[in-house]
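Here is the file target22.pdb (PDB, C-alpha atoms and all ligand atoms).
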ATOM      1  CA  MET A  16       0.000   0.000   0.000
ATOM      2  CA  TYR A  17       1.276   3.401  -0.912
ATOM      3  CA  LYS A  18       1.957   5.433   2.155
ATOM      4  CA  ALA A  19       3.912   8.548   2.959
ATOM      5  CA  CYS A  20       4.119  10.946   5.853
ATOM      6  CA  GLY A  21       0.706  12.467   6.458
ATOM      7  CA  PHE A  22      -0.824  10.391   3.705
ATOM      8  CA  VAL A  23      -4.466   9.551   4.213
ATOM      9  CA  SER A  24      -4.727   5.819   4.607
ATOM     10  CA  GLY A  25      -6.580   4.176   1.746
ATOM     11  CA  GLU A  26      -6.112   7.074  -0.641
ATOM     12  CA  PRO A  27      -4.881   5.836  -4.026
ATOM     13  CA  PRO A  28      -1.448   6.811  -5.306
ATOM     14  CA  SER A  29      -1.497   9.968  -7.320
ATOM     15  CA  VAL A  30       0.432   8.592 -10.256
ATOM     16  CA  GLY A  31       0.515   5.266 -12.067
ATOM     17  CA  SER A  32       2.134   2.455 -10.132
ATOM     18  CA  GLU A  33       4.859   1.837 -12.710
ATOM     19  CA  GLN A  34       5.700   5.482 -12.681
ATOM     20  CA  LEU A  35       5.892   5.470  -8.912
ATOM     21  CA  ALA A  36       8.255   2.565  -9.058
ATOM     22  CA  ARG A  37      10.521   4.439 -11.454
ATOM     23  CA  ALA A  38      10.496   7.715  -9.600
ATOM     24  CA  VAL A  39      13.872   9.211  -8.855
ATOM     25  CA  ILE A  40      13.867  11.127  -5.650
ATOM     26  CA  VAL A  41      16.348  13.607  -4.336
ATOM     27  CA  ASP A  42      17.018  14.051  -0.686
ATOM     28  CA  LYS A  43      19.933  16.145   0.564
ATOM     29  CA  LYS A  44      19.673  18.712  -2.186
ATOM     30  CA  TRP A  45      15.958  19.185  -1.860
ATOM     31  CA  PRO A  46      15.141  22.687  -0.592
ATOM     32  CA  ARG A  47      14.920  22.642   3.171
ATOM     33  CA  LYS A  48      11.453  24.030   3.383
ATOM     34  CA  LEU A  49      10.124  21.146   1.297
ATOM     35  CA  ALA A  50      12.140  18.441   2.935
ATOM     36  CA  CYS A  51       9.817  17.866   5.846
ATOM     37  CA  CYS A  52      10.064  14.130   5.431
ATOM     38  CA  ILE A  53      11.131  11.421   3.071
ATOM     39  CA  HIS A  54       9.720   7.939   3.241
ATOM     40  CA  LYS A  55      10.674   4.859   1.354
ATOM     41  CA  ARG A  56       7.814   2.505   0.599
ATOM     42  CA  SER A  57       7.124  -0.501  -1.496
ATOM     43  CA  TYR A  58       4.601  -0.212  -4.253
ATOM     44  CA  ALA A  59       3.969  -2.587  -7.126
ATOM     45  CA  GLY A  60       6.768  -4.705  -5.732
ATOM     46  CA  LYS A  61       9.389  -1.968  -5.997
ATOM     47  CA  SER A  62      10.507   0.713  -3.644
ATOM     48  CA  HIS A  63      10.092   4.391  -4.218
ATOM     49  CA  HIS A  64      10.267   7.578  -2.262
ATOM     50  CA  ALA A  65       7.721  10.267  -1.711
ATOM     51  CA  HIS A  66       8.143  13.783  -0.460
ATOM     52  CA  GLN A  67       5.580  15.640   1.464
ATOM     53  CA  THR A  68       4.840  19.323   1.429
ATOM     54  CA  ASP A  69       2.130  20.565   3.727
ATOM     55  CA  ASN A  70      -0.420  17.766   3.617
ATOM     56  CA  SER A  71       0.313  16.397   0.191
ATOM     57  CA  THR A  72       2.835  13.952  -1.194
ATOM     58  CA  MET A  73       4.743  14.403  -4.410
ATOM     59  CA  ILE A  74       6.711  12.153  -6.656
ATOM     60  CA  ILE A  75       9.953  13.625  -7.907
ATOM     61  CA  PHE A  76      11.257  12.137 -11.117
ATOM     62  CA  LYS A  77      14.440  13.980 -11.946
ATOM     63  CA  GLU A  78      16.886  16.404 -10.482
ATOM     64  CA  THR A  79      19.223  18.536 -12.597
ATOM     65  CA  ASN A  80      21.766  21.158 -11.586
ATOM     66  CA  ARG A  81      19.153  23.835 -11.124
ATOM     67  CA  LEU A  82      15.810  22.070 -11.350
ATOM     68  CA  ILE A  83      13.504  19.569  -9.736
ATOM     69  CA  LEU A  84      11.092  17.787 -12.075
ATOM     70  CA  ARG A  85       8.145  16.480 -10.140
ATOM     71  CA  GLU A  86       4.567  15.419 -10.666
ATOM     72  CA  ILE A  87       2.134  18.240 -11.275
ATOM     73  CA  ILE A  88      -0.073  18.756  -8.242
ATOM     74  CA  PRO A  89      -3.301  20.718  -7.677
ATOM     75  CA  LYS A  90      -1.336  23.465  -5.924
ATOM     76  CA  ASP A  91       0.303  24.332  -9.241
ATOM     77  CA  GLU A  92      -2.956  25.950 -10.351
ATOM     78  CA  VAL A  93      -1.661  29.513  -9.968
ATOM     79  CA  GLY A  94       1.404  28.726 -12.059
ATOM     80  CA  PHE A  95      -0.729  27.016 -14.684
ATOM     81  CA  TYR A  96      -3.086  29.971 -14.762
ATOM     82  CA  GLU A  97      -0.205  32.387 -15.299
ATOM     83  CA  LEU A  98       1.250  30.146 -17.983
ATOM     84  CA  ASP A  99      -1.907  29.442 -19.923
ATOM     85  CA  SER A 100      -3.456  32.883 -19.743
ATOM     86  CA  ASP A 101      -0.405  34.423 -21.418
ATOM     87  CA  ALA A 102      -0.952  35.012 -25.147
ATOM     88  CA  GLU A 103       2.771  35.249 -25.787
ATOM     89  CA  VAL A 104       3.373  31.812 -24.271
ATOM     90  CA  HIS A 105       0.620  30.467 -26.543
ATOM     91  CA  LYS A 106       1.763  32.268 -29.670
ATOM     92  CA  TYR A 107       2.988  29.114 -31.434
ATOM     93  CA  ILE A 108       0.894  26.421 -29.761
ATOM     94  CA  GLU A 109      -2.476  25.088 -30.797
ATOM     95  CA  SER A 110      -4.271  25.312 -27.468
ATOM     96  CA  LYS A 111      -6.023  28.567 -26.710
ATOM     97  CA  THR A 112      -5.282  30.775 -23.723
ATOM     98  CA  ILE A 113      -7.456  30.331 -20.656
ATOM     99  CA  ASP A 114      -9.475  32.924 -18.715
ATOM    100  CA  THR A 115     -10.207  31.300 -15.372
ATOM    101  CA  ILE A 116      -8.434  29.447 -12.596
ATOM    102  CA  GLU A 117     -10.977  26.639 -13.036
ATOM    103  CA  GLN A 118      -9.587  26.024 -16.516
ATOM    104  CA  ALA A 119      -6.111  25.719 -14.995
ATOM    105  CA  ARG A 120      -7.495  23.199 -12.498
ATOM    106  CA  GLU A 121      -9.048  21.226 -15.337
ATOM    107  CA  THR A 122      -5.699  21.067 -17.142
ATOM    108  CA  ILE A 123      -4.043  19.763 -13.983
ATOM    109  CA  ARG A 124      -6.752  17.120 -13.551
ATOM    110  CA  PHE A 125      -6.289  16.112 -17.183
ATOM    111  CA  ILE A 126      -2.538  15.681 -16.766
ATOM    112  CA  ARG A 127      -2.880  13.772 -13.516
ATOM    113  CA  GLN A 128      -5.335  11.414 -15.171
ATOM    114  CA  GLN A 129      -2.648  10.682 -17.774
ATOM    115  CA  TYR A 130      -0.283   9.617 -14.984
ATOM    116  CA  ILE A 131      -2.848   6.988 -14.050
ATOM    117  CA  ASP A 132      -3.942   5.980 -17.558
ATOM    118  CA  ASN A 133      -0.562   6.087 -19.303
ATOM    119  CA  GLY A 134       2.010   5.865 -16.491
ATOM    120  CA  ILE A 135       3.543   9.100 -17.757
ATOM    121  CA  GLY A 136       2.600  12.727 -18.316
ATOM    122  CA  ARG A 137       4.097  16.197 -18.182
ATOM    123  CA  TRP A 138       5.964  17.244 -15.027
ATOM    124  CA  ALA A 139       6.261  20.490 -13.148
ATOM    125  CA  ILE A 140       9.617  22.283 -13.386
ATOM    126  CA  ILE A 141      10.679  23.769 -10.057
ATOM    127  CA  GLU A 142      13.689  26.004  -9.620
ATOM    128  CA  LYS A 143      15.725  24.560  -6.763
ATOM    129  CA  GLU A 144      17.127  27.847  -5.581
ATOM    130  CA  THR A 145      13.777  29.550  -5.100
ATOM    131  CA  ASN A 146      11.322  26.644  -5.101
ATOM    132  CA  ASN A 147       9.392  28.562  -7.758
ATOM    133  CA  PHE A 148       7.182  26.921 -10.372
ATOM    134  CA  ILE A 149       8.802  27.630 -13.725
ATOM    135  CA  GLY A 150       6.507  25.706 -16.052
ATOM    136  CA  TRP A 151       6.248  22.153 -17.292
ATOM    137  CA  THR A 152       8.181  19.626 -19.346
ATOM    138  CA  GLY A 153       8.281  15.920 -19.898
ATOM    139  CA  LEU A 154       6.908  13.143 -22.012
ATOM    140  CA  LYS A 155       3.343  12.622 -23.101
ATOM    141  CA  LEU A 156       1.863   9.573 -24.746
ATOM    142  CA  ILE A 157       0.134  10.922 -27.841
ATOM    143  CA  ARG A 158      -2.868   8.834 -28.716
ATOM    144  CA  LYS A 159      -4.144  11.103 -31.472
ATOM    145  CA  GLU A 160      -2.640  10.499 -34.902
ATOM    146  CA  THR A 161      -0.079  13.195 -35.672
ATOM    147  CA  ASN A 162       2.015  13.213 -38.836
ATOM    148  CA  ASN A 163       1.078   9.559 -39.423
ATOM    149  CA  HIS A 164       2.254   8.542 -35.940
ATOM    150  CA  ILE A 165       0.078   7.279 -33.152
ATOM    151  CA  ASN A 166       0.741   6.123 -29.576
ATOM    152  CA  TYR A 167       4.170   7.695 -29.487
ATOM    153  CA  TYR A 168       6.013   9.661 -26.797
ATOM    154  CA  ASP A 169       6.270  13.397 -27.326
ATOM    155  CA  LEU A 170       8.785  15.682 -25.653
ATOM    156  CA  GLY A 171       7.318  19.041 -24.673
ATOM    157  CA  TYR A 172       7.833  22.081 -22.450
ATOM    158  CA  ARG A 173       6.134  25.339 -21.623
ATOM    159  CA  LEU A 174       7.795  27.938 -19.407
ATOM    160  CA  LEU A 175       6.562  31.117 -17.802
ATOM    161  CA  LYS A 176       7.879  34.016 -19.860
ATOM    162  CA  LYS A 177       9.936  35.437 -17.017
ATOM    163  CA  TYR A 178      12.078  32.270 -17.047
ATOM    164  CA  TRP A 179      12.913  32.236 -20.751
ATOM    165  CA  GLY A 180      16.527  32.772 -21.758
ATOM    166  CA  ASN A 181      18.146  30.912 -18.845
ATOM    167  CA  GLY A 182      18.638  27.524 -20.434
ATOM    168  CA  PHE A 183      15.974  25.976 -18.166
ATOM    169  CA  ALA A 184      13.998  24.466 -21.045
ATOM    170  CA  THR A 185      17.127  22.815 -22.376
ATOM    171  CA  GLU A 186      18.092  21.448 -18.957
ATOM    172  CA  ALA A 187      14.593  20.104 -18.361
ATOM    173  CA  ALA A 188      14.323  18.591 -21.852
ATOM    174  CA  ILE A 189      17.596  16.680 -21.443
ATOM    175  CA  ALA A 190      16.355  15.260 -18.138
ATOM    176  CA  SER A 191      13.061  14.237 -19.774
ATOM    177  CA  LEU A 192      14.858  12.414 -22.580
ATOM    178  CA  ASP A 193      17.107  10.712 -20.077
ATOM    179  CA  TYR A 194      14.088   9.473 -18.154
ATOM    180  CA  GLY A 195      12.418   8.251 -21.343
ATOM    181  CA  PHE A 196      15.401   6.281 -22.571
ATOM    182  CA  ASP A 197      16.865   5.214 -19.256
ATOM    183  CA  LYS A 198      13.859   4.584 -17.019
ATOM    184  CA  LEU A 199      11.108   3.893 -19.554
ATOM    185  CA  ALA A 200      13.465   2.154 -22.016
ATOM    186  CA  LEU A 201      11.804   3.843 -24.982
ATOM    187  CA  GLN A 202      13.208   3.232 -28.441
ATOM    188  CA  GLU A 203      12.380   6.665 -29.806
ATOM    189  CA  ILE A 204      10.937   9.983 -28.748
ATOM    190  CA  TYR A 205       9.349  12.563 -31.024
ATOM    191  CA  ALA A 206       8.563  16.259 -30.909
ATOM    192  CA  ASP A 207       7.089  18.893 -33.143
ATOM    193  CA  ALA A 208       7.214  22.665 -33.233
ATOM    194  CA  ASN A 209       5.650  25.414 -35.293
ATOM    195  CA  ILE A 210       8.352  26.379 -37.809
ATOM    196  CA  GLU A 211       8.178  29.975 -36.559
ATOM    197  CA  ASN A 212       8.772  28.972 -32.943
ATOM    198  CA  VAL A 213      12.481  29.741 -32.965
ATOM    199  CA  GLY A 214      12.976  29.110 -29.229
ATOM    200  CA  SER A 215      11.422  25.658 -29.297
ATOM    201  CA  ASN A 216      13.119  24.532 -32.516
ATOM    202  CA  ASN A 217      16.358  25.692 -30.960
ATOM    203  CA  VAL A 218      15.825  23.647 -27.785
ATOM    204  CA  LEU A 219      14.900  20.498 -29.709
ATOM    205  CA  LYS A 220      18.022  20.668 -31.843
ATOM    206  CA  LYS A 221      20.262  21.505 -28.883
ATOM    207  CA  VAL A 222      19.126  18.457 -26.918
ATOM    208  CA  GLY A 223      19.769  16.118 -29.826
ATOM    209  CA  LEU A 224      16.516  15.718 -31.713
ATOM    210  CA  ARG A 225      16.896  15.331 -35.448
ATOM    211  CA  PHE A 226      14.739  17.302 -37.863
ATOM    212  CA  VAL A 227      12.880  14.784 -40.033
ATOM    213  CA  GLU A 228      10.390  16.741 -42.115
ATOM    214  CA  THR A 229       7.759  19.434 -42.155
ATOM    215  CA  PHE A 230       4.078  18.581 -41.866
ATOM    216  CA  GLU A 231       0.804  20.380 -41.396
ATOM    217  CA  LYS A 232      -0.829  20.401 -37.987
ATOM    218  CA  GLU A 233      -4.210  22.072 -37.728
ATOM    219  CA  GLY A 234      -3.407  24.130 -40.803
ATOM    220  CA  ILE A 235       0.004  25.305 -39.569
ATOM    221  CA  ILE A 236       3.380  24.110 -40.844
ATOM    222  CA  HIS A 237       5.393  22.339 -38.154
ATOM    223  CA  HIS A 238       8.786  20.723 -37.956
ATOM    224  CA  TRP A 239       8.767  17.067 -36.985
ATOM    225  CA  TYR A 240      11.664  15.734 -34.908
ATOM    226  CA  GLN A 241      12.837  12.353 -33.732
ATOM    227  CA  ILE A 242      15.547  10.981 -31.481
ATOM    228  CA  LYS A 243      16.388   7.302 -31.289
ATOM    229  CA  ARG A 244      17.660   5.533 -28.252
ATOM    230  CA  ASP A 245      20.887   4.474 -29.991
ATOM    231  CA  ASP A 246      21.667   8.072 -30.907
ATOM    232  CA  TRP A 247      20.882   9.261 -27.398
ATOM    233  CA  ILE A 248      23.212   6.712 -25.853
ATOM    234  CA  LYS A 249      26.056   7.904 -28.079
ATOM    235  CA  MET A 250      25.618  11.558 -27.123
ATOM    236  CA  PRO A 251      28.618  12.751 -25.100
ATOM    237  CA  ASN A 252      26.967  15.370 -22.885
ATOM    238  CA  ARG A 253      23.690  13.747 -22.079
TER     239      ARG A 253
HETATM  240  C1  LIG B   1      10.139  27.225 -26.089
HETATM  241  C2  LIG B   1      10.662  27.741 -24.760
HETATM  242  C3  LIG B   1      10.473  26.676 -23.694
HETATM  243  C4  LIG B   1      12.149  28.033 -24.917
HETATM  244  O1  LIG B   1      12.649  28.601 -23.720
HETATM  245  P1  LIG B   1      14.102  29.213 -23.663
HETATM  246  O2  LIG B   1      14.295  29.786 -22.349
HETATM  247  O3  LIG B   1      14.281  30.081 -24.850
HETATM  248  O4  LIG B   1      15.003  27.910 -23.873
HETATM  249  P2  LIG B   1      16.478  27.563 -23.450
HETATM  250  O5  LIG B   1      16.448  26.678 -22.284
HETATM  251  O6  LIG B   1      17.139  26.993 -24.654
HETATM  252  O7  LIG B   1      17.204  28.900 -23.089
HETATM  253  C5  LIG B   1      17.466  29.848 -24.106
HETATM  254  C6  LIG B   1      18.767  30.566 -23.923
HETATM  255  O8  LIG B   1      19.120  30.720 -22.594
HETATM  256  C7  LIG B   1      20.527  31.067 -22.579
HETATM  257  N1  LIG B   1      21.101  30.656 -21.340
HETATM  258  C8  LIG B   1      21.285  31.488 -20.281
HETATM  259  N2  LIG B   1      21.819  30.806 -19.266
HETATM  260  C9  LIG B   1      21.998  29.527 -19.660
HETATM  261  C10 LIG B   1      22.504  28.369 -19.043
HETATM  262  N3  LIG B   1      22.961  28.381 -17.786
HETATM  263  N4  LIG B   1      22.528  27.217 -19.746
HETATM  264  C11 LIG B   1      22.084  27.179 -21.001
HETATM  265  N5  LIG B   1      21.585  28.250 -21.653
HETATM  266  C12 LIG B   1      21.549  29.423 -20.985
HETATM  267  C13 LIG B   1      21.125  30.431 -23.800
HETATM  268  O9  LIG B   1      21.821  31.433 -24.495
HETATM  269  C14 LIG B   1      19.944  29.909 -24.574
HETATM  270  O10 LIG B   1      19.912  30.318 -25.907
HETATM  271  P3  LIG B   1      20.887  29.767 -27.056
HETATM  272  O11 LIG B   1      20.845  28.276 -26.992
HETATM  273  O12 LIG B   1      20.309  30.307 -28.315
HETATM  274  O13 LIG B   1      22.230  30.305 -26.734
HETATM  275  C15 LIG B   1       9.919  29.015 -24.308
HETATM  276  O14 LIG B   1      10.087  29.993 -25.290
HETATM  277  C16 LIG B   1       8.433  28.785 -24.084
HETATM  278  O15 LIG B   1       8.018  28.295 -23.037
HETATM  279  N6  LIG B   1       7.606  29.125 -25.080
HETATM  280  C17 LIG B   1       6.168  29.011 -24.984
HETATM  281  C18 LIG B   1       5.680  27.585 -25.061
HETATM  282  C19 LIG B   1       6.169  26.871 -26.290
HETATM  283  O16 LIG B   1       6.258  27.429 -27.368
HETATM  284  N7  LIG B   1       6.487  25.587 -26.129
HETATM  285  C20 LIG B   1       6.989  24.757 -27.180
HETATM  286  C21 LIG B   1       5.914  24.289 -28.076
HETATM  287  S1  LIG B   1       6.568  23.318 -29.413
END
Can I see the file as structure tokens?
Amino acid sequence: MYKACGFVSGEPPSVGSEQLARAVIVDKKWPRKLACCIHKRSYAGKSHHAHQTDNSTMIIFKETNRLILREIIPKDEVGFYELDSDAEVHKYIESKTIDTIEQARETIRFIRQQYIDNGIGRWAIIEKETNNFIGWTGLKLIRKETNNHINYYDLGYRLLKKYWGNGFATEAAIASLDYGFDKLALQEIYADANIENVGSNNVLKKVGLRFVETFEKEGIIHHWYQIKRDDWIKMPNR
């Protein structure tokens, strides 16, 4: 049974069991104010850790030099609202901006349901130094046919504008790829970006994705990218 400090007995785990089992948890480097307790528990036959903040537990998947990548939790609603109500953030992405905090909550519920249904979903990016929510990154199982592909893993990211230009997206994307190839043992990961989205195309190329072709997505020309496991393994600075 999943259990962590302060966890309500009988409450189901917040993410898919396989994902829990694969979670990578930091301890010493975790900001002090969050590190109220760390428990190690067995779930689905494997051990994992959970952190608790206030009354909730969180699964942390990756740590980088400057970032913590953890499951998205309901408390991220303010960050999601700021992110998804910003027209500039949405300039090159299909989804429309939102107007209410309830829409941000709905997005969070949607992502958390993916953790359960697919064992994977986007993660929150937290700056270690400040404990601030920066945005999201991670892998998503795409079930809708896109450029003749279906049921594939997509790398994505979306950062609050004030955090652009620091290399955070690149750092988070590398960690996401590492998780996909190392922990999920994927054979390939894909991504796409509006051809005019210079920042995103830049990140994808920097982290090792290979431009394959252009295609049309909802009437807009996009670049389609792929990275194979074998190529990832050979990369020197991964
Ligand atoms: C796409 C997006 C995530 C890119 O963010 P970003 O901050 O420009 O991405 P990066 O992490 O590559 O950082 C950019 C720059 O930070 C600079 N930088 C500053 N400090 C750095 C550091 N310590 N390490 C690395 N780069 C650093 C680099 O110069 C880098 O640019 P360069 O590679 O051209 O030199 C951001 O524009 C965004 O969220 N857009 C809205 C959502 C979106 O479009 N998502 C993608 C949909 S396909």
Surrounding residues as a PyMOL selection string, ligand LIG 1 (chain B), max 10 Å, only C-alpha atoms and all ligand atoms: chain A and resi 80-81+98-99+101-109+149-152+170-188+206-222+237-238
Run the PyMOL selection byres (((chain A and resi 121) around 12) and not hetatm) on the file and write out the hits as a PDB file with C-alpha atoms, in the frame of the given file.
ATOM      1  CA  ILE A  88      -0.073  18.756  -8.242  1.00  0.00           C
ATOM      2  CA  PRO A  89      -3.301  20.718  -7.677  1.00  0.00           C
ATOM      3  CA  ASP A  91       0.303  24.332  -9.241  1.00  0.00           C
ATOM      4  CA  GLU A  92      -2.956  25.950 -10.351  1.00  0.00           C
ATOM      5  CA  PHE A  95      -0.729  27.016 -14.684  1.00  0.00           C
ATOM      6  CA  TYR A  96      -3.086  29.971 -14.762  1.00  0.00           C
ATOM      7  CA  ASP A  99      -1.907  29.442 -19.923  1.00  0.00           C
ATOM      8  CA  ILE A 113      -7.456  30.331 -20.656  1.00  0.00           C
ATOM      9  CA  THR A 115     -10.207  31.300 -15.372  1.00  0.00           C
ATOM     10  CA  ILE A 116      -8.434  29.447 -12.596  1.00  0.00           C
ATOM     11  CA  GLU A 117     -10.977  26.639 -13.036  1.00  0.00           C
ATOM     12  CA  GLN A 118      -9.587  26.024 -16.516  1.00  0.00           C
ATOM     13  CA  ALA A 119      -6.111  25.719 -14.995  1.00  0.00           C
ATOM     14  CA  ARG A 120      -7.495  23.199 -12.498  1.00  0.00           C
ATOM     15  CA  THR A 122      -5.699  21.067 -17.142  1.00  0.00           C
ATOM     16  CA  ILE A 123      -4.043  19.763 -13.983  1.00  0.00           C
ATOM     17  CA  ARG A 124      -6.752  17.120 -13.551  1.00  0.00           C
ATOM     18  CA  PHE A 125      -6.289  16.112 -17.183  1.00  0.00           C
ATOM     19  CA  ILE A 126      -2.538  15.681 -16.766  1.00  0.00           C
ATOM     20  CA  ARG A 127      -2.880  13.772 -13.516  1.00  0.00           C
ATOM     21  CA  GLN A 128      -5.335  11.414 -15.171  1.00  0.00           C
TER      22      GLN A 128
END
When you draw a straight line from atom CA of Arg225 of chain A to atom CA of Lys243 of chain A, how long is it in Å?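 Atom CA of Arg225 of chain A sits 9.1 Å away from atom CA of Lys243 of chain A.
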Mind giving me the straight-line distance from atom CA of Val227 of chain A to atom CA of Trp239 of chain A in Å, one decimal?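 We find that atom CA of Val227 of chain A and atom CA of Trp239 of chain A lie 5.6 Å from each other.
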List the spatial neighbours of Phe196 of chain A as an MDAnalysis selection string - criterion: any atom at most 10 Å away, all atoms listed in the file, same-chain residues fewer than 3 positions off excluded. chainID A and resid 191:193 199:204 243:245 247:248
Report the distance between atom CA of Glu228 of chain A and atom CA of Tyr240 of chain A in Å, rounded to one decimal place.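 Between atom CA of Glu228 of chain A and atom CA of Tyr240 of chain A the gap is 7.4 Å.
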Nearest-residue call for Lys155 of chain A, choices A:Lys232, A:Arg137, A:Lys198, A:Lys143, using only C-alpha atoms: A:Arg137
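The smallest atom-to-atom distance between Glu86 of chain A and any of A:Leu156, A:Ala139, A:Gln129, A:Thr72, using only C-alpha atoms, is found for A:Ala139.
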Would you list the contacts of segment 157-164 of chain A as a PyMOL selection string, taking every protein, DNA or RNA residue within 9 Å and counting all atoms listed in the file, but skipping same-chain residues closer than 3 positions in sequence? chain A and resi 167-169+230-232+239
For C-alpha atoms, I'd like the residues from the last selection saved as a tab-separated table (two decimals), keeping the file's coordinate frame.
chain	number	residue	atom	x	y	z
A	167	TYR	CA	4.17	7.70	-29.49
A	168	TYR	CA	6.01	9.66	-26.80
A	169	ASP	CA	6.27	13.40	-27.33
A	230	PHE	CA	4.08	18.58	-41.87
A	231	GLU	CA	0.80	20.38	-41.40
A	232	LYS	CA	-0.83	20.40	-37.99
A	239	TRP	CA	8.77	17.07	-36.98
